[in-house]
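Note: the block below is final_3.cif and it holds mmCIF, C-alpha atoms.
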```cif
data_target
loop_
_atom_site.label_atom_id
_atom_site.label_comp_id
_atom_site.auth_asym_id
_atom_site.auth_seq_id
_atom_site.Cartn_x
_atom_site.Cartn_y
_atom_site.Cartn_z
CA MET A 1 32.25 -5.17 39.63
CA THR A 2 28.82 -4.52 38.19
CA GLN A 3 25.72 -5.26 40.20
CA LEU A 4 22.57 -7.11 39.27
CA ARG A 5 19.41 -5.52 40.56
CA VAL A 6 17.26 -8.44 41.67
CA ARG A 7 13.68 -8.17 42.89
CA VAL A 8 12.66 -11.29 44.82
CA TRP A 9 9.19 -12.29 45.96
CA ARG A 10 8.92 -12.42 49.77
CA GLY A 11 6.13 -13.78 51.92
CA GLY A 12 3.04 -15.76 50.91
CA ALA A 13 0.43 -15.16 48.21
CA ASP A 14 -0.15 -11.61 49.47
CA GLY A 15 3.56 -10.80 49.78
CA GLY A 16 5.61 -8.45 47.62
CA PHE A 17 8.94 -7.96 45.90
CA GLN A 18 12.09 -7.06 47.84
CA PRO A 19 15.07 -5.53 46.00
CA PHE A 20 18.62 -6.87 46.34
CA ALA A 21 21.95 -5.95 44.71
CA VAL A 22 23.91 -9.02 43.65
CA PRO A 23 27.48 -8.91 42.25
CA ARG A 24 27.56 -9.84 38.58
CA GLN A 25 29.73 -12.86 37.75
CA ALA A 26 30.79 -14.60 34.56
CA SER A 27 28.57 -17.60 33.62
CA GLN A 28 26.28 -16.76 36.56
CA THR A 29 22.97 -18.61 36.72
CA VAL A 30 19.75 -17.28 38.21
CA LEU A 31 20.09 -19.93 40.93
CA ASP A 32 23.57 -18.54 41.69
CA ALA A 33 22.01 -15.11 42.23
CA VAL A 34 19.27 -16.51 44.50
CA THR A 35 21.85 -18.53 46.47
CA TYR A 36 24.03 -15.43 46.89
CA ILE A 37 21.07 -13.54 48.34
CA GLN A 38 20.29 -16.36 50.79
CA ARG A 39 23.89 -16.95 51.87
CA VAL A 40 25.17 -13.38 52.00
CA LEU A 41 22.34 -10.86 52.09
CA ASP A 42 19.34 -12.47 53.80
CA PRO A 43 19.49 -15.99 55.26
CA THR A 44 15.71 -16.00 55.82
CA LEU A 45 15.03 -16.32 52.07
CA ALA A 46 13.24 -19.62 51.33
CA TYR A 47 13.81 -21.39 48.00
CA ARG A 48 14.27 -24.94 46.72
CA PHE A 49 17.08 -26.56 44.80
CA ALA A 50 18.94 -29.85 44.88
CA CYS A 51 21.04 -31.00 41.92
CA ARG A 52 21.97 -27.64 40.27
CA VAL A 53 22.41 -29.40 36.92
CA GLY A 54 18.90 -29.80 35.50
CA MET A 55 18.15 -33.29 36.75
CA CYS A 56 15.95 -32.94 39.82
CA GLY A 57 13.34 -30.40 38.76
CA SER A 58 13.10 -28.60 42.10
CA CYS A 59 14.45 -25.10 41.33
CA ALA A 60 11.81 -23.87 38.87
CA MET A 61 10.71 -20.27 39.46
CA THR A 62 9.21 -17.41 37.51
CA VAL A 63 12.12 -15.37 36.13
CA ASN A 64 11.17 -12.04 34.53
CA GLY A 65 7.65 -13.36 34.06
CA VAL A 66 8.61 -16.72 32.54
CA ALA A 67 8.69 -20.11 34.31
CA ARG A 68 12.21 -21.57 34.08
CA TRP A 69 14.71 -23.86 35.77
CA THR A 70 16.87 -21.34 37.58
CA CYS A 71 19.88 -23.70 37.64
CA ARG A 72 20.13 -23.91 33.86
CA THR A 73 19.19 -20.33 33.12
CA HIS A 74 22.14 -18.00 32.67
CA VAL A 75 21.67 -14.45 33.88
CA ASP A 76 23.05 -13.28 30.50
CA LYS A 77 20.09 -14.86 28.79
CA VAL A 78 17.29 -13.32 30.83
CA ALA A 79 18.46 -10.14 32.62
CA ARG A 80 17.10 -6.96 31.09
CA ASP A 81 19.37 -3.96 31.75
CA GLY A 82 20.90 -5.86 34.65
CA ARG A 83 17.51 -6.48 36.26
CA LEU A 84 15.93 -9.73 37.36
CA GLU A 85 12.51 -10.32 38.86
CA ILE A 86 12.21 -13.69 40.56
CA ALA A 87 8.85 -15.02 41.78
CA PRO A 88 7.40 -18.40 42.73
CA LEU A 89 5.78 -20.57 40.03
CA ARG A 90 2.32 -19.50 38.90
CA SER A 91 -0.82 -21.58 39.61
CA LEU A 92 0.66 -23.23 42.70
CA PRO A 93 0.01 -22.11 46.31
CA VAL A 94 2.93 -20.12 47.71
CA VAL A 95 4.34 -21.56 50.94
CA ARG A 96 6.84 -18.76 51.50
CA ASP A 97 9.08 -16.60 49.29
CA LEU A 98 10.05 -18.74 46.28
CA VAL A 99 8.73 -22.04 47.61
CA THR A 100 5.44 -23.39 46.27
CA GLU A 101 3.24 -26.22 47.52
CA MET A 102 3.68 -29.00 44.94
CA ARG A 103 1.18 -31.45 46.46
CA GLY A 104 -1.71 -30.51 44.18
CA PHE A 105 0.54 -30.80 41.13
CA PHE A 106 1.61 -34.36 42.00
CA ASP A 107 -1.87 -35.37 43.22
CA LYS A 108 -3.02 -34.69 39.68
CA TRP A 109 -0.46 -37.24 38.39
CA SER A 110 -2.20 -39.82 40.58
CA ARG A 111 -5.65 -38.70 39.42
CA ALA A 112 -4.48 -39.10 35.82
CA GLU A 113 -3.50 -42.74 36.60
CA GLY A 114 0.11 -41.71 36.20
CA VAL A 115 1.32 -44.86 37.93
CA PHE A 116 2.59 -47.93 36.08
CA ARG A 117 0.42 -50.99 36.62
CA GLY A 118 2.01 -54.18 35.34
CA ALA A 119 0.85 -57.79 35.50
CA ARG A 120 4.18 -59.60 35.60
CA SER A 121 6.05 -60.67 38.67
CA ARG A 122 9.79 -60.90 39.20
CA ARG A 123 9.60 -64.58 38.25
CA ASP A 124 8.29 -63.78 34.74
CA ALA A 125 10.53 -63.09 31.77
CA PHE A 126 11.11 -59.52 30.59
CA GLU A 127 8.56 -58.09 28.16
CA ARG A 128 10.10 -57.55 24.76
CA VAL A 129 9.43 -54.04 23.46
CA ALA A 130 10.60 -53.21 19.93
CA PRO A 131 12.66 -50.00 20.27
CA ARG A 132 11.40 -48.55 16.98
CA SER A 133 7.73 -49.49 17.41
CA ALA A 134 5.26 -46.59 17.14
CA GLN A 135 4.19 -46.95 20.75
CA ARG A 136 7.74 -47.03 22.08
CA LEU A 137 8.57 -43.90 20.04
CA ASN A 138 5.56 -42.16 21.61
CA VAL A 139 6.87 -43.10 25.04
CA GLU A 140 10.34 -41.87 24.14
CA ALA A 141 9.02 -38.44 23.14
CA GLY A 142 7.52 -37.79 26.56
CA ILE A 143 9.36 -39.97 29.06
CA GLU A 144 12.16 -37.55 30.04
CA CYS A 145 9.84 -35.37 32.15
CA ILE A 146 11.33 -34.71 35.58
CA GLY A 147 8.24 -33.10 37.12
CA CYS A 148 9.57 -29.54 37.49
CA ALA A 149 6.10 -27.99 36.90
CA VAL A 150 7.39 -25.39 34.43
CA CYS A 151 4.74 -26.57 31.93
CA TYR A 152 2.05 -26.46 34.61
CA ALA A 153 2.94 -22.88 35.57
CA SER A 154 3.04 -21.87 31.89
CA CYS A 155 -0.44 -23.24 31.11
CA ASP A 156 -3.27 -20.69 30.87
CA VAL A 157 -5.90 -23.44 31.16
CA VAL A 158 -4.45 -24.48 34.54
CA ALA A 159 -4.56 -20.81 35.58
CA GLN A 160 -8.24 -20.51 34.65
CA ASN A 161 -9.48 -24.00 35.56
CA PRO A 162 -7.85 -25.20 38.81
CA GLU A 163 -9.34 -28.69 38.32
CA TYR A 164 -7.53 -29.21 34.99
CA LEU A 165 -5.03 -32.08 35.33
CA GLY A 166 -2.39 -30.09 33.47
CA PRO A 167 0.25 -30.89 30.86
CA ALA A 168 2.69 -32.86 33.03
CA ALA A 169 0.12 -35.32 34.42
CA LEU A 170 -1.48 -35.81 31.00
CA ASN A 171 1.92 -36.30 29.37
CA ARG A 172 2.68 -38.94 31.99
CA ALA A 173 -0.65 -40.66 31.30
CA TRP A 174 0.19 -40.64 27.57
CA THR A 175 3.57 -42.31 28.07
CA LEU A 176 1.88 -45.02 30.17
CA LEU A 177 -0.92 -45.42 27.65
CA ASN A 178 1.79 -46.32 25.15
CA ASP A 179 3.49 -48.74 27.52
CA VAL A 180 2.59 -52.21 26.23
CA ARG A 181 3.36 -53.73 29.65
CA ASP A 182 0.69 -51.68 31.44
CA VAL A 183 -2.67 -53.37 32.14
CA ALA A 184 -4.76 -50.41 33.39
CA GLN A 185 -5.35 -48.60 30.09
CA ALA A 186 -9.16 -48.47 30.27
CA GLU A 187 -9.07 -46.91 33.76
CA ARG A 188 -6.37 -44.49 32.65
CA LEU A 189 -8.35 -43.35 29.63
CA ARG A 190 -11.42 -42.80 31.78
CA ALA A 191 -9.30 -40.82 34.24
CA VAL A 192 -7.93 -38.43 31.61
CA ALA A 193 -10.95 -38.02 29.30
CA GLY A 194 -13.21 -36.31 31.85
CA ASP A 195 -14.24 -32.70 32.37
CA ALA A 196 -10.83 -31.59 33.65
CA GLY A 197 -8.76 -33.88 31.44
CA CYS A 198 -7.34 -33.85 27.93
CA HIS A 199 -10.40 -32.26 26.32
CA ALA A 200 -9.93 -29.12 28.42
CA CYS A 201 -6.62 -28.40 26.62
CA HIS A 202 -6.87 -25.48 24.16
CA SER A 203 -3.63 -26.40 22.37
CA GLN A 204 -2.15 -22.98 23.15
CA MET A 205 1.19 -24.78 23.54
CA GLY A 206 2.50 -22.74 26.48
CA CYS A 207 3.75 -26.02 27.97
CA THR A 208 5.53 -27.06 24.78
CA GLU A 209 7.08 -23.61 24.39
CA ARG A 210 8.51 -23.61 27.92
CA CYS A 211 9.42 -27.25 28.67
CA PRO A 212 13.15 -27.23 29.50
CA LYS A 213 13.41 -30.85 28.33
CA GLY A 214 11.99 -30.06 24.89
CA ILE A 215 8.98 -32.31 25.47
CA ALA A 216 5.72 -31.45 23.66
CA PRO A 217 2.93 -32.15 26.17
CA THR A 218 0.49 -30.63 23.65
CA ALA A 219 1.25 -33.53 21.29
CA SER A 220 0.81 -36.03 24.13
CA ILE A 221 -2.57 -34.48 25.03
CA ALA A 222 -3.63 -34.58 21.37
CA GLY A 223 -2.72 -38.29 21.44
CA LEU A 224 -4.96 -38.78 24.46
CA LYS A 225 -7.85 -37.02 22.67
CA ARG A 226 -7.46 -39.35 19.69
CA ALA A 227 -7.19 -42.41 21.95
CA ALA A 228 -10.35 -41.35 23.81
CA MET A 229 -12.17 -40.91 20.49
CA ARG A 230 -11.12 -44.37 19.30
CA ALA A 231 -12.21 -45.89 22.62
CA LEU A 232 -15.56 -44.09 22.37
CA LEU A 233 -16.18 -45.35 18.83
CA ALA A 234 -15.21 -48.87 19.94
CA GLY A 235 -17.64 -48.65 22.86
CA GLU A 236 -14.83 -49.00 25.39
CA LEU A 237 -15.10 -45.65 27.15
CA MET B 1 -19.98 -34.45 32.53
CA SER B 2 -19.01 -38.08 31.94
CA THR B 3 -15.90 -39.08 30.03
CA ARG B 4 -18.16 -40.39 27.25
CA GLY B 5 -19.98 -37.07 27.09
CA GLU B 6 -16.77 -35.01 27.03
CA THR B 7 -15.28 -37.19 24.30
CA LEU B 8 -18.48 -37.06 22.27
CA LEU B 9 -18.49 -33.24 22.49
CA TRP B 10 -14.87 -33.17 21.31
CA VAL B 11 -15.67 -35.40 18.31
CA ALA B 12 -18.73 -33.27 17.50
CA GLN B 13 -16.64 -30.11 17.73
CA ARG B 14 -13.98 -31.50 15.38
CA ALA B 15 -16.53 -32.84 12.88
CA SER B 16 -18.55 -29.59 12.85
CA ALA B 17 -15.32 -27.58 12.46
CA ALA B 18 -14.44 -29.63 9.37
CA LEU B 19 -17.90 -28.99 7.92
CA LEU B 20 -17.70 -25.28 8.75
CA ALA B 21 -14.32 -24.96 7.02
CA LEU B 22 -15.90 -26.25 3.83
CA CYS B 23 -19.15 -24.30 4.21
CA VAL B 24 -17.47 -20.96 4.96
CA VAL B 25 -15.17 -21.30 1.92
CA VAL B 26 -18.09 -22.10 -0.40
CA HIS B 27 -20.19 -19.28 1.15
CA LEU B 28 -17.44 -16.65 0.79
CA ALA B 29 -16.44 -17.79 -2.70
CA THR B 30 -20.08 -17.59 -3.83
CA MET B 31 -20.46 -14.10 -2.34
CA ILE B 32 -17.30 -12.82 -4.02
CA TYR B 33 -18.32 -14.34 -7.33
CA ALA B 34 -21.96 -13.25 -7.12
CA ILE B 35 -21.38 -9.55 -6.37
CA GLN B 36 -19.21 -8.97 -9.44
CA GLY B 37 -22.12 -7.39 -11.27
CA GLY B 38 -23.58 -5.60 -8.22
CA LEU B 39 -25.65 -6.99 -5.39
CA THR B 40 -29.45 -6.97 -5.24
CA ALA B 41 -31.99 -8.86 -3.16
CA ALA B 42 -33.70 -9.97 -6.35
CA GLU B 43 -30.48 -11.51 -7.62
CA ILE B 44 -29.91 -13.43 -4.37
CA LEU B 45 -33.50 -14.68 -4.25
CA GLY B 46 -33.26 -15.62 -7.92
CA ARG B 47 -30.37 -17.87 -7.06
CA THR B 48 -31.80 -19.42 -3.89
CA ARG B 49 -35.59 -19.61 -4.41
CA GLY B 50 -36.67 -23.15 -5.11
CA ASN B 51 -33.07 -24.30 -5.35
CA LEU B 52 -32.84 -27.54 -3.42
CA GLY B 53 -29.03 -27.56 -3.60
CA TRP B 54 -28.68 -24.25 -1.72
CA LEU B 55 -31.38 -25.36 0.76
CA VAL B 56 -29.39 -28.49 1.61
CA PHE B 57 -26.08 -26.61 1.68
CA TYR B 58 -27.27 -23.88 4.07
CA SER B 59 -29.17 -26.39 6.23
CA VAL B 60 -25.92 -28.30 6.71
CA PHE B 61 -24.17 -24.97 7.40
CA ILE B 62 -26.74 -24.14 10.10
CA ALA B 63 -26.49 -27.62 11.63
CA ALA B 64 -22.71 -27.24 11.89
CA VAL B 65 -23.11 -23.83 13.56
CA VAL B 66 -25.73 -25.17 15.98
CA VAL B 67 -23.33 -27.92 17.07
CA HIS B 68 -20.10 -25.89 17.02
CA VAL B 69 -21.00 -22.63 18.75
CA PRO B 70 -22.40 -23.98 22.06
CA ILE B 71 -19.56 -26.51 22.45
CA GLY B 72 -17.02 -23.76 21.83
CA LEU B 73 -18.76 -21.38 24.23
CA ARG B 74 -18.88 -24.03 26.98
CA PRO B 75 -15.23 -23.79 28.17
CA VAL B 76 -15.30 -20.00 27.70
CA LEU B 77 -18.18 -19.77 30.19
CA GLY B 78 -16.41 -22.23 32.52
CA GLU B 79 -13.01 -20.56 32.48
CA TRP B 80 -13.95 -16.89 32.26
CA LEU B 81 -17.18 -16.78 34.27
CA GLU B 82 -16.68 -19.96 36.33
CA TRP B 83 -20.09 -21.04 35.13
CA ARG B 84 -20.22 -24.84 35.23
CA GLY B 85 -22.82 -27.48 36.07
CA THR B 86 -26.35 -28.15 34.90
CA SER B 87 -27.47 -24.52 34.49
CA ARG B 88 -24.66 -23.93 31.97
CA GLU B 89 -25.66 -27.01 29.95
CA VAL B 90 -29.33 -25.92 29.94
CA PHE B 91 -28.30 -22.45 28.73
CA LEU B 92 -26.16 -23.94 25.94
CA VAL B 93 -28.93 -26.28 24.76
CA ALA B 94 -31.28 -23.26 24.71
CA LEU B 95 -28.70 -21.30 22.72
CA ALA B 96 -28.41 -24.18 20.24
CA LEU B 97 -32.20 -24.14 19.79
CA VAL B 98 -32.25 -20.36 19.23
CA LEU B 99 -29.46 -20.66 16.64
CA ALA B 100 -31.31 -23.52 14.92
CA VAL B 101 -34.62 -21.63 14.79
CA LEU B 102 -33.12 -18.31 13.63
CA GLY B 103 -30.83 -20.03 11.14
CA MET B 104 -33.46 -22.25 9.56
CA ARG B 105 -35.92 -19.34 9.48
CA ALA B 106 -33.44 -17.41 7.34
CA VAL B 107 -32.66 -20.42 5.12
CA LEU B 108 -36.33 -21.20 4.53
CA GLY B 109 -36.98 -17.47 3.99
CA VAL B 110 -34.70 -17.33 0.94
CA PHE B 111 -35.81 -20.76 -0.33
CA GLY B 112 -39.58 -20.35 -0.24
#
```

Before anything else, please render the file you have as structure tokens.
Amino acid sequence: MTQLRVRVWRGGADGGFQPFAVPRQASQTVLDAVTYIQRVLDPTLAYRFACRVGMCGSCAMTVNGVARWTCRTHVDKVARDGRLEIAPLRSLPVVRDLVTEMRGFFDKWSRAEGVFRGARSRRDAFERVAPRSAQRLNVEAGIECIGCAVCYASCDVVAQNPEYLGPAALNRAWTLLNDVRDVAQAERLRAVAGDAGCHACHSQMGCTERCPKGIAPTASIAGLKRAAMRALLAGEL
Amino acid sequence: MSTRGETLLWVAQRASAALLALCVVVHLATMIYAIQGGLTAAEILGRTRGNLGWLVFYSVFIAAVVVHVPIGLRPVLGEWLEWRGTSREVFLVALALVLAVLGMRAVLGVFG
């Protein structure tokens, strides 16, 4: 049986890589390799996962320098000469080993008004939304985000400007901005058009390149820029 | 800076970029065309002196540069040097003034 040579980040921000030898298996995922290390080689290894099938967004790590879901990344696809280097996500504080502190990431969703604010109660009728309307199609393009932070860790603007809201929060704001049921659009636009909001994006498209769901946050952010411009010209910003 | 200010800067950056795209193409095309028979100062001045069209064209070119360069430099200073706040804005306004003065000095120099 061939062996994978896996270097895994240990400790906090000032930690280092520890080498492990992991048996190579058919159809093995990177998460399988990490789980093998934790269950067989070193039970003190800290890492996160839940669903193992690309639904929960908790197992994202930096694999050979690239942010990925480890559960849906086959070793075949990323191992170079049987070597893997697994580190925590970039731009997030390291708690321990492969676990990062996600609080700041999700706080930014709140700061971007990433919460639905409706006006109807349970006694009102359902809002009718035309499935092929332009706004609904905009929502559809960005709504499948599961908050894994792969885009956030892949963004160079986030890395250089810690205040920047980041692609995931701005994409969320864009899907809500296109939700005809939402009644907090003016506040949302003000929240995302500031110094650390949509105008800070350089359109480098790291987020769009890496999003495992195939979402294009860059397009969502461009939409926010246009919406902010229209609001400015209409005197509503 | 306020959301209005940030959005205004973005619009100004886009608008000045569109102007620059046009100006740079006209400028380069004129240079390539004009040097076919050799390049002399007299020839350039012969084309530009007293020509109101070139005066307006290069004044617009300078205005676009004056708007575009400081706005573009702003995030570079913020992200690379962590220079943000009022002192950065003062520096960028000063830079815009320097670009305007030097640029218009050159434009008026070949017009007058």

Using only C-alpha atoms, find each residue of chain B with at least one atom at most 7 Å away from an atom of chain A; report its shortest atom-to-atom pair and that distance in Å (one decimal), sort the rows by chain and rising residue number, and return the result as a Markdown table.
```
| residue | atom | partner | partner_atom | distance |
| --- | --- | --- | --- | --- |
| B:Met1 | CA | A:Asp195 | CA | 6.0 |
| B:Ser2 | CA | A:Gly194 | CA | 6.1 |
| B:Thr3 | CA | A:Gly194 | CA | 4.3 |
| B:Arg4 | CA | A:Leu237 | CA | 6.1 |
| B:Glu6 | CA | A:Gly194 | CA | 6.1 |
| B:Thr7 | CA | A:Met229 | CA | 6.2 |
| B:Trp10 | CA | A:His199 | CA | 6.8 |
| B:Val11 | CA | A:Met229 | CA | 6.9 |
| B:Glu79 | CA | A:Gln160 | CA | 5.2 |
```

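Shell of Cys23 in chain B at 9 Å, with only C-alpha atoms counted and residues fewer than 6 places along the chain excluded, is B:Phe57, B:Tyr58, B:Val60, B:Phe61, B:Ala64.
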
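From CA of Pro75 in chain B back to CA of Glu89 in chain B, the distance works out to 11.1 Å.
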
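Within 12 Å of Gly16 in chain A, once only C-alpha atoms are used and residues closer than 3 positions along the same chain are dropped, the contacting residues are Arg7, Val8, Trp9, Arg10, Gly11, Gly12, Ala13, Pro19, Glu85, Ile86, Ala87, Pro88, Val94, Arg96, Asp97 and Leu98 of chain A.
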
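Residues in contact with Ala17 in chain B at 9 Å, where only C-alpha atoms are counted and same-chain residues fewer than 5 positions away are skipped, are listed as Ala12, Leu22, Ala64, Val65 and His68 of chain B.
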
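Atom pair CA of Met61 in chain A / CA of Ala222 in chain A has a distance of 27.2 Å (rounded to one decimal).
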
> Using all atoms listed in the file, which residue out of A:Ala184, A:Cys59, A:Gly104, A:Arg80 lies closest to Ala46 in chain A?
Replying inline: A:Cys59

Take every atom of range 49-54 of chain A listed in the file, fit an axis-aligned box around them, add 6 Å per side, and give the centre and edge lengths in Å to one decimal as AutoDock Vina command-line options.
```
--center_x 19.7 --center_y -28.8 --center_z 40.2 --size_x 17.3 --size_y 16.4 --size_z 21.4
```

>> Just the number, please: distance in Å from CA of Glu209 in chain A to CA of Phe116 in chain A, one decimal.
In response: 27.4 Å

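Against the coordinates shown, the PyMOL selection byres ((chain A and resi 83) around 10) returns Gln3, Leu4, Arg5, Val6, Arg7, Ala21, Asn64, Val75, Val78, Ala79, Arg80, Asp81, Gly82, Leu84, Glu85 and Ile86 of chain A.
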
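When only C-alpha atoms are used to measure the gap to Leu8 in chain B, the shortest distance among B:Val56, B:Arg47, B:His27, B:Ile71 belongs to B:Ile71.
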
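Distances to Ala153 in chain A were evaluated for A:Ala33, A:Met205, A:Asp76, A:Gly166 using only C-alpha atoms, and the minimum falls at A:Gly166.
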
Using all atoms listed in the file and a cutoff of 9 Å, can you tell me which residues are near (-34.7, -21.5, -3.3) in the file's coordinates, and write them out as a PDB file with C-alpha atoms, in the frame of the given file?
```pdb
ATOM      1  CA  LEU B  45     -33.500 -14.680  -4.250  1.00  0.00           C
ATOM      2  CA  GLY B  46     -33.260 -15.620  -7.920  1.00  0.00           C
ATOM      3  CA  ARG B  47     -30.370 -17.870  -7.060  1.00  0.00           C
ATOM      4  CA  THR B  48     -31.800 -19.420  -3.890  1.00  0.00           C
ATOM      5  CA  ARG B  49     -35.590 -19.610  -4.410  1.00  0.00           C
ATOM      6  CA  GLY B  50     -36.670 -23.150  -5.110  1.00  0.00           C
ATOM      7  CA  ASN B  51     -33.070 -24.300  -5.350  1.00  0.00           C
ATOM      8  CA  LEU B  52     -32.840 -27.540  -3.420  1.00  0.00           C
ATOM      9  CA  GLY B  53     -29.030 -27.560  -3.600  1.00  0.00           C
ATOM     10  CA  TRP B  54     -28.680 -24.250  -1.720  1.00  0.00           C
ATOM     11  CA  LEU B  55     -31.380 -25.360   0.760  1.00  0.00           C
ATOM     12  CA  VAL B 107     -32.660 -20.420   5.120  1.00  0.00           C
ATOM     13  CA  LEU B 108     -36.330 -21.200   4.530  1.00  0.00           C
ATOM     14  CA  GLY B 109     -36.980 -17.470   3.990  1.00  0.00           C
ATOM     15  CA  VAL B 110     -34.700 -17.330   0.940  1.00  0.00           C
ATOM     16  CA  PHE B 111     -35.810 -20.760  -0.330  1.00  0.00           C
ATOM     17  CA  GLY B 112     -39.580 -20.350  -0.240  1.00  0.00           C
TER      18      GLY B 112
END
```

>> Applying the PyMOL selection byres ((chain A and resi 108) around 12) to the file I just gave you, which residues come out? Please list them as an MDAnalysis selection string.
In response: chainID A and resid 102:107 109:115 147 149 152 158 162:173 191:192 196:197

Can you spell out as a PDB file with C-alpha atoms, in the frame of the given file the set of residues that the PyMOL selection byres ((chain B and resi 92-100) around 12) selects in the structure I just provided?
```pdb
ATOM      1  CA  TYR B  58     -27.270 -23.880   4.070  1.00  0.00           C
ATOM      2  CA  SER B  59     -29.170 -26.390   6.230  1.00  0.00           C
ATOM      3  CA  VAL B  60     -25.920 -28.300   6.710  1.00  0.00           C
ATOM      4  CA  PHE B  61     -24.170 -24.970   7.400  1.00  0.00           C
ATOM      5  CA  ILE B  62     -26.740 -24.140  10.100  1.00  0.00           C
ATOM      6  CA  ALA B  63     -26.490 -27.620  11.630  1.00  0.00           C
ATOM      7  CA  ALA B  64     -22.710 -27.240  11.890  1.00  0.00           C
ATOM      8  CA  VAL B  65     -23.110 -23.830  13.560  1.00  0.00           C
ATOM      9  CA  VAL B  66     -25.730 -25.170  15.980  1.00  0.00           C
ATOM     10  CA  VAL B  67     -23.330 -27.920  17.070  1.00  0.00           C
ATOM     11  CA  HIS B  68     -20.100 -25.890  17.020  1.00  0.00           C
ATOM     12  CA  VAL B  69     -21.000 -22.630  18.750  1.00  0.00           C
ATOM     13  CA  PRO B  70     -22.400 -23.980  22.060  1.00  0.00           C
ATOM     14  CA  ILE B  71     -19.560 -26.510  22.450  1.00  0.00           C
ATOM     15  CA  GLY B  72     -17.020 -23.760  21.830  1.00  0.00           C
ATOM     16  CA  LEU B  73     -18.760 -21.380  24.230  1.00  0.00           C
ATOM     17  CA  ARG B  74     -18.880 -24.030  26.980  1.00  0.00           C
ATOM     18  CA  PRO B  75     -15.230 -23.790  28.170  1.00  0.00           C
ATOM     19  CA  VAL B  76     -15.300 -20.000  27.700  1.00  0.00           C
ATOM     20  CA  LEU B  77     -18.180 -19.770  30.190  1.00  0.00           C
ATOM     21  CA  GLY B  78     -16.410 -22.230  32.520  1.00  0.00           C
ATOM     22  CA  TRP B  83     -20.090 -21.040  35.130  1.00  0.00           C
ATOM     23  CA  ARG B  84     -20.220 -24.840  35.230  1.00  0.00           C
ATOM     24  CA  GLY B  85     -22.820 -27.480  36.070  1.00  0.00           C
ATOM     25  CA  THR B  86     -26.350 -28.150  34.900  1.00  0.00           C
ATOM     26  CA  SER B  87     -27.470 -24.520  34.490  1.00  0.00           C
ATOM     27  CA  ARG B  88     -24.660 -23.930  31.970  1.00  0.00           C
ATOM     28  CA  GLU B  89     -25.660 -27.010  29.950  1.00  0.00           C
ATOM     29  CA  VAL B  90     -29.330 -25.920  29.940  1.00  0.00           C
ATOM     30  CA  PHE B  91     -28.300 -22.450  28.730  1.00  0.00           C
ATOM     31  CA  VAL B 101     -34.620 -21.630  14.790  1.00  0.00           C
ATOM     32  CA  LEU B 102     -33.120 -18.310  13.630  1.00  0.00           C
ATOM     33  CA  GLY B 103     -30.830 -20.030  11.140  1.00  0.00           C
ATOM     34  CA  MET B 104     -33.460 -22.250   9.560  1.00  0.00           C
ATOM     35  CA  ARG B 105     -35.920 -19.340   9.480  1.00  0.00           C
ATOM     36  CA  ALA B 106     -33.440 -17.410   7.340  1.00  0.00           C
ATOM     37  CA  VAL B 107     -32.660 -20.420   5.120  1.00  0.00           C
ATOM     38  CA  LEU B 108     -36.330 -21.200   4.530  1.00  0.00           C
TER      39      LEU B 108
END
```

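Nearest residue to Cys145 in chain A, choosing from A:Gly57, A:Arg90, A:Asn178, A:Thr100 and counting only C-alpha atoms: A:Gly57.
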
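Counting only C-alpha atoms and comparing B:Ala18, B:Ile44, B:Gly5, B:Glu82, the residue that lies closest to Thr30 in chain B is B:Ile44.
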